[in-house]
$ cat start.cif   # mmCIF, C-alpha atoms
data_structure
loop_
_atom_site.label_atom_id
_atom_site.label_comp_id
_atom_site.auth_asym_id
_atom_site.auth_seq_id
_atom_site.Cartn_x
_atom_site.Cartn_y
_atom_site.Cartn_z
CA MET U 286 14.11 -23.60 -3.35
CA PHE U 287 14.71 -21.30 -0.44
CA ARG U 288 17.32 -19.38 -2.39
CA ILE U 289 14.99 -18.94 -5.38
CA PHE U 290 12.32 -17.57 -3.12
CA HIS U 291 14.86 -15.32 -1.48
CA ILE U 292 16.08 -13.84 -4.78
CA SER U 293 12.62 -13.35 -6.23
CA GLY U 294 11.56 -11.73 -2.96
CA LEU U 295 14.48 -9.34 -3.17
CA ALA U 296 13.68 -8.54 -6.81
CA LEU U 297 10.11 -7.76 -5.80
CA VAL U 298 11.31 -5.37 -3.10
CA VAL U 299 13.60 -3.59 -5.56
CA VAL U 300 10.85 -3.26 -8.19
CA ALA U 301 8.36 -2.04 -5.58
CA GLY U 302 10.93 0.50 -4.40
CA LEU U 303 11.38 1.84 -7.91
CA ALA U 304 7.66 1.96 -8.55
CA ALA U 305 7.17 3.94 -5.34
CA GLN U 306 9.34 6.78 -6.69
CA PRO U 307 6.79 9.28 -8.04
CA ALA U 308 9.20 10.84 -10.50
CA LEU U 309 12.91 11.13 -10.89
CA ALA U 310 14.45 14.09 -9.13
CA GLU U 311 15.02 17.12 -11.31
CA THR U 312 16.95 20.32 -10.90
CA PRO U 313 15.20 23.62 -10.08
CA ASN U 314 16.19 24.93 -13.53
CA GLU U 315 14.51 21.97 -15.18
CA MET U 316 11.42 22.66 -13.12
CA LEU U 317 11.48 26.28 -14.25
CA ALA U 318 11.77 25.12 -17.88
CA SER U 319 8.70 22.91 -17.50
CA ILE U 320 6.68 25.83 -16.05
CA GLN U 321 7.93 27.97 -18.94
CA LYS U 322 6.68 25.39 -21.43
CA GLU U 323 3.29 25.59 -19.80
CA ALA U 324 3.29 29.41 -19.69
CA SER U 325 4.45 29.92 -23.26
CA SER U 326 1.04 28.88 -24.59
CA THR U 327 -0.53 31.90 -22.86
CA PRO U 328 -1.05 34.79 -25.31
CA GLY U 329 1.39 37.64 -24.73
CA PHE U 330 3.80 35.61 -22.59
CA GLN U 331 7.10 37.48 -22.33
CA GLY U 332 9.13 35.37 -19.94
CA PHE U 333 9.48 35.33 -16.19
CA SER U 334 10.61 38.15 -13.94
CA ALA U 335 12.37 37.64 -10.61
CA ALA U 336 11.40 41.18 -9.55
CA ARG U 337 7.72 40.49 -10.24
CA GLY U 338 8.10 37.17 -8.40
CA GLU U 339 9.53 38.97 -5.39
CA SER U 340 6.63 41.44 -5.10
CA PHE U 341 4.16 38.59 -5.58
CA PHE U 342 5.90 36.59 -2.85
CA LYS U 343 5.86 39.41 -0.32
CA ALA U 344 2.38 40.80 -1.03
CA LYS U 345 -0.95 39.71 0.38
CA HIS U 346 -3.56 38.75 -2.17
CA GLY U 347 -6.81 39.30 -0.31
CA ASN U 348 -6.24 36.71 2.38
CA GLU U 349 -4.60 36.88 5.78
CA TRP U 350 -1.35 35.30 4.63
CA SER U 351 1.28 36.08 2.03
CA CYS U 352 3.99 33.59 1.00
CA SER U 353 6.34 35.41 3.34
CA SER U 354 4.00 34.97 6.33
CA CYS U 355 5.51 31.49 6.70
CA HIS U 356 8.65 31.66 4.53
CA THR U 357 9.71 35.13 5.82
CA ASP U 358 10.89 38.02 3.61
CA ASN U 359 14.18 36.18 3.11
CA PRO U 360 13.61 32.75 1.53
CA ALA U 361 17.23 31.81 2.26
CA VAL U 362 16.58 31.54 6.00
CA PRO U 363 14.31 29.09 7.84
CA GLY U 364 10.68 30.10 8.15
CA LYS U 365 7.97 29.33 10.66
CA HIS U 366 4.42 28.10 10.07
CA ALA U 367 2.15 31.09 10.74
CA LYS U 368 -0.28 29.00 12.75
CA THR U 369 1.56 26.09 14.34
CA GLY U 370 4.99 27.69 14.67
CA LYS U 371 6.71 24.62 13.21
CA VAL U 372 10.06 25.45 11.61
CA ILE U 373 10.08 25.43 7.80
CA ASP U 374 13.39 24.80 6.04
CA PRO U 375 14.63 27.56 3.69
CA LEU U 376 12.80 27.73 0.37
CA ALA U 377 15.56 29.16 -1.84
CA PRO U 378 17.51 26.41 -3.64
CA SER U 379 20.77 28.25 -2.81
CA ALA U 380 20.12 27.60 0.88
CA ASN U 381 18.37 24.22 0.61
CA ALA U 382 19.42 21.84 -2.16
CA GLU U 383 16.27 19.72 -1.76
CA ARG U 384 13.94 22.49 -2.89
CA PHE U 385 12.34 22.21 -6.34
CA THR U 386 13.79 18.81 -7.14
CA SER U 387 10.51 16.87 -7.14
CA PRO U 388 7.71 17.88 -9.55
CA LYS U 389 5.16 16.08 -7.40
CA LYS U 390 6.19 17.97 -4.29
CA MET U 391 6.20 21.30 -6.13
CA GLU U 392 2.70 20.73 -7.49
CA LYS U 393 1.44 19.69 -4.06
CA TRP U 394 2.73 22.84 -2.38
CA PHE U 395 1.74 25.30 -5.13
CA LYS U 396 -1.80 23.92 -4.95
CA ARG U 397 -1.97 24.18 -1.16
CA ASN U 398 -0.23 27.50 -0.69
CA CYS U 399 -1.84 29.33 -3.62
CA ASN U 400 -5.20 28.25 -2.22
CA ASP U 401 -4.26 29.62 1.21
CA VAL U 402 -2.83 32.88 -0.11
CA LEU U 403 -5.06 33.60 -3.15
CA ASN U 404 -8.08 31.29 -2.82
CA ARG U 405 -7.30 29.88 -6.24
CA VAL U 406 -4.62 28.06 -8.21
CA CYS U 407 -1.65 30.10 -9.39
CA THR U 408 -1.10 30.74 -13.10
CA PRO U 409 2.04 29.36 -14.77
CA GLN U 410 3.20 32.99 -15.04
CA GLU U 411 2.92 33.49 -11.26
CA LYS U 412 4.63 30.19 -10.47
CA GLY U 413 7.45 30.92 -12.90
CA ASP U 414 7.99 34.44 -11.55
CA VAL U 415 8.18 33.12 -8.01
CA LEU U 416 10.60 30.36 -8.93
CA ALA U 417 12.73 32.82 -10.91
CA TYR U 418 12.87 34.99 -7.78
CA LEU U 419 13.72 32.06 -5.49
CA LEU U 420 16.51 31.00 -7.87
CA ALA U 421 17.92 34.52 -7.76
CA VAL U 422 18.06 34.64 -3.97
CA LYS U 423 21.63 34.23 -2.79
CA LYS U 424 22.43 32.46 0.41
CA MET V 232 -18.27 -31.73 19.74
CA SER V 233 -15.05 -32.97 18.17
CA ILE V 234 -11.85 -33.12 20.19
CA HIS V 235 -10.47 -30.26 18.15
CA LYS V 236 -13.48 -28.07 18.78
CA GLN V 237 -13.43 -28.94 22.47
CA ARG V 238 -9.85 -27.85 22.72
CA THR V 239 -10.54 -24.59 20.91
CA PHE V 240 -13.43 -23.94 23.25
CA ARG V 241 -11.23 -24.60 26.30
CA VAL V 242 -8.53 -22.22 25.06
CA PHE V 243 -11.15 -19.57 24.38
CA THR V 244 -12.60 -19.92 27.88
CA VAL V 245 -9.17 -19.63 29.48
CA ALA V 246 -8.47 -16.55 27.36
CA LEU V 247 -11.74 -14.95 28.45
CA LEU V 248 -11.02 -15.64 32.10
CA THR V 249 -7.50 -14.27 31.78
CA MET V 250 -8.85 -11.10 30.19
CA GLY V 251 -11.15 -10.65 33.15
CA ILE V 252 -8.19 -10.84 35.51
CA THR V 253 -5.87 -8.56 33.55
CA MET V 254 -8.34 -5.85 32.52
CA PRO V 255 -8.56 -4.02 35.86
CA ALA V 256 -4.77 -3.99 36.08
CA ALA V 257 -4.50 -2.47 32.60
CA GLN V 258 -6.93 0.29 33.52
CA ALA V 259 -5.10 1.09 36.73
CA ASP V 260 -2.63 3.25 34.82
CA ASP V 261 -4.79 6.33 35.16
CA ASP V 262 -5.56 8.03 38.43
CA ASP V 263 -8.57 7.45 40.63
CA ARG V 264 -10.16 10.73 39.73
CA ASP V 265 -10.77 9.41 36.21
CA GLU V 266 -13.04 6.69 37.55
CA ARG V 267 -14.99 9.14 39.67
CA TYR V 268 -15.22 11.54 36.75
CA GLY V 269 -16.81 8.90 34.56
CA ALA V 270 -19.25 7.85 37.25
CA ARG V 271 -20.16 11.36 38.32
CA SER V 272 -20.86 12.96 34.98
CA ASN V 273 -24.12 12.56 33.14
CA GLU V 274 -22.52 11.01 30.11
CA ARG V 275 -24.75 8.73 28.14
CA TYR V 276 -22.08 6.32 26.96
CA SER V 277 -20.33 3.79 29.09
CA GLY V 278 -16.63 3.59 29.64
CA LYS V 279 -14.09 6.09 30.77
CA TYR V 280 -14.54 9.69 29.65
CA GLY V 281 -18.07 8.94 28.51
CA GLY V 282 -16.73 6.64 25.83
CA GLU V 283 -14.41 9.27 24.38
CA ASN V 284 -11.16 7.57 25.30
CA ARG V 285 -7.92 7.47 23.36
CA GLY V 286 -6.62 4.14 22.18
CA LYS V 287 -4.06 1.84 23.62
CA PRO V 288 -1.48 1.76 22.16
CA LEU V 289 -1.62 5.25 20.67
CA GLN V 290 0.77 4.35 17.92
CA PRO V 291 1.38 0.92 16.38
CA ALA V 292 4.89 -0.56 16.58
CA GLN V 293 5.08 -0.41 12.78
CA THR V 294 4.43 3.10 11.53
CA ASN V 295 3.73 4.23 7.97
CA ILE V 296 6.32 6.35 6.15
CA LYS V 297 3.77 8.33 4.16
CA PHE V 298 1.86 9.15 7.34
CA GLN V 299 5.06 10.26 9.08
CA GLN V 300 6.18 12.41 6.15
CA GLU V 301 2.88 14.00 5.19
CA CYS V 302 1.39 14.61 8.62
CA SER V 303 4.49 16.11 10.19
CA THR V 304 5.21 18.97 7.77
CA CYS V 305 3.13 21.64 9.51
CA HIS V 306 2.58 20.04 12.92
CA ILE V 307 3.67 16.85 14.66
CA ALA V 308 2.21 13.66 13.23
CA TYR V 309 -0.54 13.11 15.80
CA SER V 310 -0.83 9.43 16.73
CA PRO V 311 -3.76 7.59 15.14
CA GLY V 312 -4.97 6.33 18.54
CA LEU V 313 -5.81 9.87 19.65
CA LEU V 314 -9.10 9.86 17.70
CA PRO V 315 -11.71 7.31 16.56
CA ALA V 316 -11.69 5.95 13.00
CA GLU V 317 -14.65 8.05 11.85
CA SER V 318 -12.89 11.25 12.93
CA TRP V 319 -9.87 10.36 10.80
CA ARG V 320 -12.13 9.62 7.81
CA LYS V 321 -13.73 13.05 8.18
CA ILE V 322 -10.38 14.79 8.55
CA MET V 323 -8.89 13.03 5.53
CA ASN V 324 -12.01 13.86 3.48
CA GLY V 325 -11.65 17.56 4.21
CA LEU V 326 -7.91 18.08 3.84
CA ASP V 327 -8.39 20.96 1.37
CA LYS V 328 -9.90 22.90 4.29
CA HIS V 329 -7.78 21.62 7.15
CA PHE V 330 -8.28 24.00 10.10
CA GLY V 331 -8.02 27.01 7.82
CA SER V 332 -5.29 25.67 5.54
CA ASP V 333 -5.19 23.63 2.35
CA ALA V 334 -3.37 20.41 3.25
CA SER V 335 -4.64 18.30 0.37
CA LEU V 336 -2.85 15.17 -0.82
CA ASP V 337 -3.19 13.39 -4.12
CA ALA V 338 -5.76 10.58 -4.19
CA GLN V 339 -3.26 7.76 -3.83
CA ASP V 340 -1.41 9.26 -0.86
CA ASN V 341 -4.67 10.22 0.80
CA LYS V 342 -5.89 6.63 0.53
CA GLU V 343 -2.70 5.21 2.05
CA VAL V 344 -2.60 7.65 4.97
CA THR V 345 -6.33 7.23 5.66
CA ALA V 346 -5.98 3.44 5.75
CA PHE V 347 -3.17 3.71 8.28
CA LEU V 348 -5.07 6.15 10.51
CA VAL V 349 -8.32 4.21 10.39
CA SER V 350 -6.80 0.82 11.12
CA ASN V 351 -4.86 2.20 14.10
CA ALA V 352 -7.55 4.55 15.44
CA SER V 353 -8.65 4.50 19.08
CA ASN V 354 -9.75 1.04 20.18
CA ARG V 355 -11.33 2.37 23.37
CA TRP V 356 -13.83 4.80 21.83
CA SER V 357 -17.44 3.74 22.43
CA ALA V 358 -19.28 7.08 22.01
CA PRO V 359 -20.85 7.84 18.60
CA THR V 360 -19.04 11.19 18.57
CA THR V 361 -16.52 12.09 15.85
CA PRO V 362 -14.61 15.21 16.90
CA LEU V 363 -12.19 16.79 14.45
CA ARG V 364 -9.98 18.27 17.13
CA ILE V 365 -8.05 16.10 19.58
CA THR V 366 -8.38 18.93 22.10
CA GLU V 367 -12.18 18.58 22.06
CA THR V 368 -12.24 14.96 23.20
CA ALA V 369 -13.40 14.18 26.75
CA TRP V 370 -10.16 12.43 27.70
CA PHE V 371 -8.06 15.38 26.53
CA LYS V 372 -10.17 17.92 28.37
CA ARG V 373 -10.09 15.89 31.57
CA LYS V 374 -6.30 15.37 31.41
CA HIS V 375 -5.67 19.06 30.80
CA ASP V 376 -8.35 20.70 32.95
CA SER V 377 -7.55 23.54 35.34
CA ARG V 378 -6.99 21.09 38.20
CA GLU V 379 -4.22 19.41 36.20
CA ILE V 380 -2.72 22.33 34.30
CA ASN V 381 -2.48 25.88 35.50
CA PRO V 382 -4.42 27.95 32.90
CA ALA V 383 -1.44 30.35 32.68
CA VAL V 384 0.53 27.57 30.90
CA TRP V 385 -1.65 27.91 27.79
CA LYS V 386 -0.75 31.58 27.52
CA ASN V 387 3.00 30.89 27.45
CA PRO V 388 4.28 31.74 23.94
CA GLN V 389 6.44 28.60 24.05
CA VAL V 390 3.26 26.56 24.36
CA LYS V 391 1.25 28.70 21.95
CA SER V 392 -1.64 26.27 21.55
CA PRO V 393 -3.00 23.07 23.16
CA ALA V 394 -2.37 21.47 19.76
CA ASN V 395 1.35 21.90 20.37
CA CYS V 396 1.76 18.60 22.28
CA ALA V 397 5.55 18.62 22.02
CA ALA V 398 5.81 21.82 24.05
CA CYS V 399 5.35 19.72 27.20
CA HIS V 400 5.47 16.10 25.96
CA PRO V 401 8.99 15.69 24.49
CA ARG V 402 8.20 12.32 22.88
CA ALA V 403 4.74 13.24 21.58
CA GLU V 404 5.76 12.57 18.00
CA ARG V 405 6.37 8.93 18.91
CA GLY V 406 3.00 8.63 20.60
CA ASP V 407 4.61 8.68 24.05
CA PHE V 408 2.73 10.94 26.49
CA ASN V 409 4.02 9.33 29.68
CA GLU V 410 3.22 11.75 32.47
CA HIS V 411 6.62 11.28 34.09
CA ASP V 412 8.30 12.90 31.05
CA ILE V 413 6.16 16.03 31.05
CA ARG V 414 8.19 19.24 31.03
CA ILE V 415 6.11 22.38 31.25
CA PRO V 416 8.11 25.35 29.89
CA LYS V 417 8.69 28.14 32.39
#

$ encode --input "start.cif" --output "structure tokens"
Amino acid sequence: MFRIFHISGLALVVVAGLAAQPALAETPNEMLASIQKEASSTPGFQGFSAARGESFFKAKHGNEWSCSSCHTDNPAVPGKHAKTGKVIDPLAPSANAERFTSPKKMEKWFKRNCNDVLNRVCTPQEKGDVLAYLLAVKK
Amino acid sequence: MSIHKQRTFRVFTVALLTMGITMPAAQADDDDRDERYGARSNERYSGKYGGENRGKPLQPAQTNIKFQQECSTCHIAYSPGLLPAESWRKIMNGLDKHFGSDASLDAQDNKEVTAFLVSNASNRWSAPTTPLRITETAWFKRKHDSREINPAVWKNPQVKSPANCAACHPRAERGDFNEHDIRIPK
């Protein structure tokens, strides 16, 4: 009896653990492909541009902060939160393998940071340009 | 009264009496000036710091992973006992405008973190106040007033802000603010 309980308990823990995973990890290129799928429905879409992503990343868009205010002008090095000073790990996948491997995490941060920098959500074009830039940054 | 009920009653009475004996000892951890401060000020609510006191313990033995992960990305994960439950509800309801930054979570994560914060909020808060900033609470202000901390400390770039607990309290993240561990950066 005890053993049955033990095994079913273990099974429950394993199932709960699996269910807690929001989504399976993906690669940054797969994430870029999913943004591209979203962007391709926009009329006149002509692909992403790393150069455009770089200017977008480094420019201010009406608010006090740009992306680089916290992530610095070099996304391959650690950044620093503009307000609290807390260290932020590098954003470029070449310098930090964890970046852009969870769709949930990417959505969370695009929502937050676009709101802080632009007062609105970012378009798929903007997100794709930025990710194309970050993927092009060498360590 | 049945025998069982009588026994329960006796245990309860003993527990009450024991509480009476141990309470003053538990409160003796803070200095004398705290007691005088409470008595001297014109605060309307009873208890130390006019009822705006942080909880004990500040952090439960069993933490919550989501809380640790989500609340420590931009700043340290402030212990739930630092504020009353209603303050945490307000903070978690306004995460999209969190002190000038969008810190929103999805509905499910928000619910889980809120539940953890609320159920471990300050258990020594009797005032009806619900501050959003830990630094605006009476206990914080008293513990960090100019008699305790030289005002020049706040201007040190290594300290940066009174919200930066870990600048002087090395174990702040674990809810440990023991005054013997304080290291004020020079």

$ residues_near_point --input "start.cif" --point "(2.4, 26.6, 10.1)" --cutoff "12 Å" --atoms "all atoms listed in the file" --output "short mmCIF file (atom, residue, chain, number, x, y, z; two decimals) with C-alpha atoms, in the frame of the given file"
data_model
loop_
_atom_site.label_atom_id
_atom_site.label_comp_id
_atom_site.auth_asym_id
_atom_site.auth_seq_id
_atom_site.Cartn_x
_atom_site.Cartn_y
_atom_site.Cartn_z
CA TRP U 350 -1.35 35.30 4.63
CA CYS U 352 3.99 33.59 1.00
CA SER U 353 6.34 35.41 3.34
CA SER U 354 4.00 34.97 6.33
CA CYS U 355 5.51 31.49 6.70
CA HIS U 356 8.65 31.66 4.53
CA GLY U 364 10.68 30.10 8.15
CA LYS U 365 7.97 29.33 10.66
CA HIS U 366 4.42 28.10 10.07
CA ALA U 367 2.15 31.09 10.74
CA LYS U 368 -0.28 29.00 12.75
CA THR U 369 1.56 26.09 14.34
CA GLY U 370 4.99 27.69 14.67
CA LYS U 371 6.71 24.62 13.21
CA VAL U 372 10.06 25.45 11.61
CA ILE U 373 10.08 25.43 7.80
CA ASP U 374 13.39 24.80 6.04
CA ASN U 398 -0.23 27.50 -0.69
CA ASP U 401 -4.26 29.62 1.21
CA SER V 303 4.49 16.11 10.19
CA THR V 304 5.21 18.97 7.77
CA CYS V 305 3.13 21.64 9.51
CA HIS V 306 2.58 20.04 12.92
CA ILE V 307 3.67 16.85 14.66
CA HIS V 329 -7.78 21.62 7.15
CA PHE V 330 -8.28 24.00 10.10
CA GLY V 331 -8.02 27.01 7.82
CA SER V 332 -5.29 25.67 5.54
CA ASP V 333 -5.19 23.63 2.35
CA ALA V 334 -3.37 20.41 3.25
CA ALA V 394 -2.37 21.47 19.76
CA ASN V 395 1.35 21.90 20.37
#

$ closest_atom_pairs --input "start.cif" --of "segment 290-368 of chain V" --to "segment 376-390 of chain V" --cutoff "12 Å" --atoms "all atoms listed in the file" --output "Markdown table"
| residue | atom | partner | partner_atom | distance |
| --- | --- | --- | --- | --- |
| V:Thr366 | CA | V:Asp376 | CA | 11.0 |
| V:Glu367 | CA | V:Asp376 | CA | 11.7 |
| V:Thr368 | CA | V:Asp376 | CA | 12.0 |

$ write_last_selection --input "start.cif" --atoms "C-alpha atoms" --output "PDB file, keeping the file's coordinate frame"
ATOM      1  CA  THR V 366      -8.380  18.930  22.100  1.00  0.00           C
ATOM      2  CA  GLU V 367     -12.180  18.580  22.060  1.00  0.00           C
ATOM      3  CA  THR V 368     -12.240  14.960  23.200  1.00  0.00           C
TER       4      THR V 368
END

$ resolve_selection --input "start.cif" --expression "the PyMOL selection byres ((chain U and resi 404) around 12)" --output "short mmCIF file (atom, residue, chain, number, x, y, z; two decimals) with C-alpha atoms, in the coordinates of the input"
data_model
loop_
_atom_site.label_atom_id
_atom_site.label_comp_id
_atom_site.auth_asym_id
_atom_site.auth_seq_id
_atom_site.Cartn_x
_atom_site.Cartn_y
_atom_site.Cartn_z
CA LYS U 345 -0.95 39.71 0.38
CA HIS U 346 -3.56 38.75 -2.17
CA GLY U 347 -6.81 39.30 -0.31
CA ASN U 348 -6.24 36.71 2.38
CA GLU U 349 -4.60 36.88 5.78
CA TRP U 350 -1.35 35.30 4.63
CA SER U 351 1.28 36.08 2.03
CA PHE U 395 1.74 25.30 -5.13
CA LYS U 396 -1.80 23.92 -4.95
CA ARG U 397 -1.97 24.18 -1.16
CA ASN U 398 -0.23 27.50 -0.69
CA CYS U 399 -1.84 29.33 -3.62
CA ASN U 400 -5.20 28.25 -2.22
CA ASP U 401 -4.26 29.62 1.21
CA VAL U 402 -2.83 32.88 -0.11
CA LEU U 403 -5.06 33.60 -3.15
CA ARG U 405 -7.30 29.88 -6.24
CA VAL U 406 -4.62 28.06 -8.21
CA CYS U 407 -1.65 30.10 -9.39
CA ASP V 327 -8.39 20.96 1.37
CA LYS V 328 -9.90 22.90 4.29
CA GLY V 331 -8.02 27.01 7.82
CA SER V 332 -5.29 25.67 5.54
CA ASP V 333 -5.19 23.63 2.35
#

$ closest_residue --input "start.cif" --among "U:Phe341, U:Trp394, U:Phe385, U:Phe333" --to "chain V" --atoms "only C-alpha atoms"
U:Trp394

$ atom_distance --input "start.cif" --atom1 "atom CA of Trp370 of chain V" --atom2 "atom CA of Lys342 of chain V"
28.1 Å

$ closest_residue --input "start.cif" --among "U:Pro375, U:Asp414, U:Pro328, U:Lys390" --to "chain V" --atoms "all atoms listed in the file"
U:Lys390

$ residues_around --input "start.cif" --residues "Leu336 of chain V" --least-positions-apart "2" --cutoff "9 Å" --atoms "all atoms listed in the file" --output "JSON, numbers by chain"
{"U": [393], "V": [301, 326, 327, 334, 338, 339, 340, 341]}

$ resolve_selection --input "start.cif" --expression "the PyMOL selection byres ((chain U and resi 335) around 9)" --output "NGL selection string"
:U and (333-334 or 336-340 or 413-421)

$ residues_near_point --input "start.cif" --point "(9.9, 21.6, 26.0)" --cutoff "6 Å" --atoms "all atoms listed in the file" --output "JSON, numbers by chain"
{"V": [398, 399, 414, 416]}

$ resolve_selection --input "start.cif" --expression "the PyMOL selection byres ((chain V and resi 359) around 10)" --output "PyMOL selection string"
chain V and resi 276+282-283+315+317+356-358+360-362

$ decode --input "start.cif" --residues "segment 277-290 of chain V" --atoms "N, CA and C atoms" --output "PDB file, in the first residue's frame"
ATOM      1  N   SER V 277      -2.296  51.871  17.778  1.00  0.00           N
ATOM      2  CA  SER V 277      -1.475  51.306  18.824  1.00  0.00           C
ATOM      3  C   SER V 277      -0.381  50.444  18.235  1.00  0.00           C
ATOM      4  N   GLY V 278       0.538  50.075  19.070  1.00  0.00           N
ATOM      5  CA  GLY V 278       1.630  49.226  18.629  1.00  0.00           C
ATOM      6  C   GLY V 278       2.823  50.060  18.230  1.00  0.00           C
ATOM      7  N   LYS V 279       3.917  49.357  18.070  1.00  0.00           N
ATOM      8  CA  LYS V 279       5.163  50.016  17.698  1.00  0.00           C
ATOM      9  C   LYS V 279       5.032  50.704  16.351  1.00  0.00           C
ATOM     10  N   TYR V 280       5.706  51.795  16.195  1.00  0.00           N
ATOM     11  CA  TYR V 280       5.729  52.559  14.937  1.00  0.00           C
ATOM     12  C   TYR V 280       4.308  52.919  14.488  1.00  0.00           C
ATOM     13  N   GLY V 281       3.465  53.242  15.463  1.00  0.00           N
ATOM     14  CA  GLY V 281       2.101  53.637  15.121  1.00  0.00           C
ATOM     15  C   GLY V 281       1.352  52.572  14.343  1.00  0.00           C
ATOM     16  N   GLY V 282       1.715  51.333  14.567  1.00  0.00           N
ATOM     17  CA  GLY V 282       1.022  50.230  13.898  1.00  0.00           C
ATOM     18  C   GLY V 282       1.585  49.893  12.534  1.00  0.00           C
ATOM     19  N   GLU V 283       2.615  50.645  12.135  1.00  0.00           N
ATOM     20  CA  GLU V 283       3.246  50.350  10.827  1.00  0.00           C
ATOM     21  C   GLU V 283       4.532  49.572  11.064  1.00  0.00           C
ATOM     22  N   ASN V 284       4.383  48.351  11.505  1.00  0.00           N
ATOM     23  CA  ASN V 284       5.565  47.545  11.827  1.00  0.00           C
ATOM     24  C   ASN V 284       5.706  46.374  10.862  1.00  0.00           C
ATOM     25  N   ARG V 285       6.952  46.067  10.524  1.00  0.00           N
ATOM     26  CA  ARG V 285       7.203  44.938   9.637  1.00  0.00           C
ATOM     27  C   ARG V 285       6.951  43.635  10.376  1.00  0.00           C
ATOM     28  N   GLY V 286       6.748  42.591   9.615  1.00  0.00           N
ATOM     29  CA  GLY V 286       6.363  41.311  10.195  1.00  0.00           C
ATOM     30  C   GLY V 286       7.516  40.536  10.790  1.00  0.00           C
ATOM     31  N   LYS V 287       7.148  39.523  11.509  1.00  0.00           N
ATOM     32  CA  LYS V 287       8.134  38.634  12.091  1.00  0.00           C
ATOM     33  C   LYS V 287       7.619  37.215  11.939  1.00  0.00           C
ATOM     34  N   PRO V 288       8.256  36.332  11.178  1.00  0.00           N
ATOM     35  CA  PRO V 288       9.479  36.591  10.413  1.00  0.00           C
ATOM     36  C   PRO V 288       9.190  37.425   9.169  1.00  0.00           C
ATOM     37  N   LEU V 289      10.250  37.953   8.569  1.00  0.00           N
ATOM     38  CA  LEU V 289      10.075  38.748   7.346  1.00  0.00           C
ATOM     39  C   LEU V 289       9.828  37.857   6.147  1.00  0.00           C
ATOM     40  N   GLN V 290      10.424  36.682   6.223  1.00  0.00           N
ATOM     41  CA  GLN V 290      10.352  35.761   5.097  1.00  0.00           C
ATOM     42  C   GLN V 290      10.034  34.372   5.632  1.00  0.00           C
TER      43      GLN V 290
END
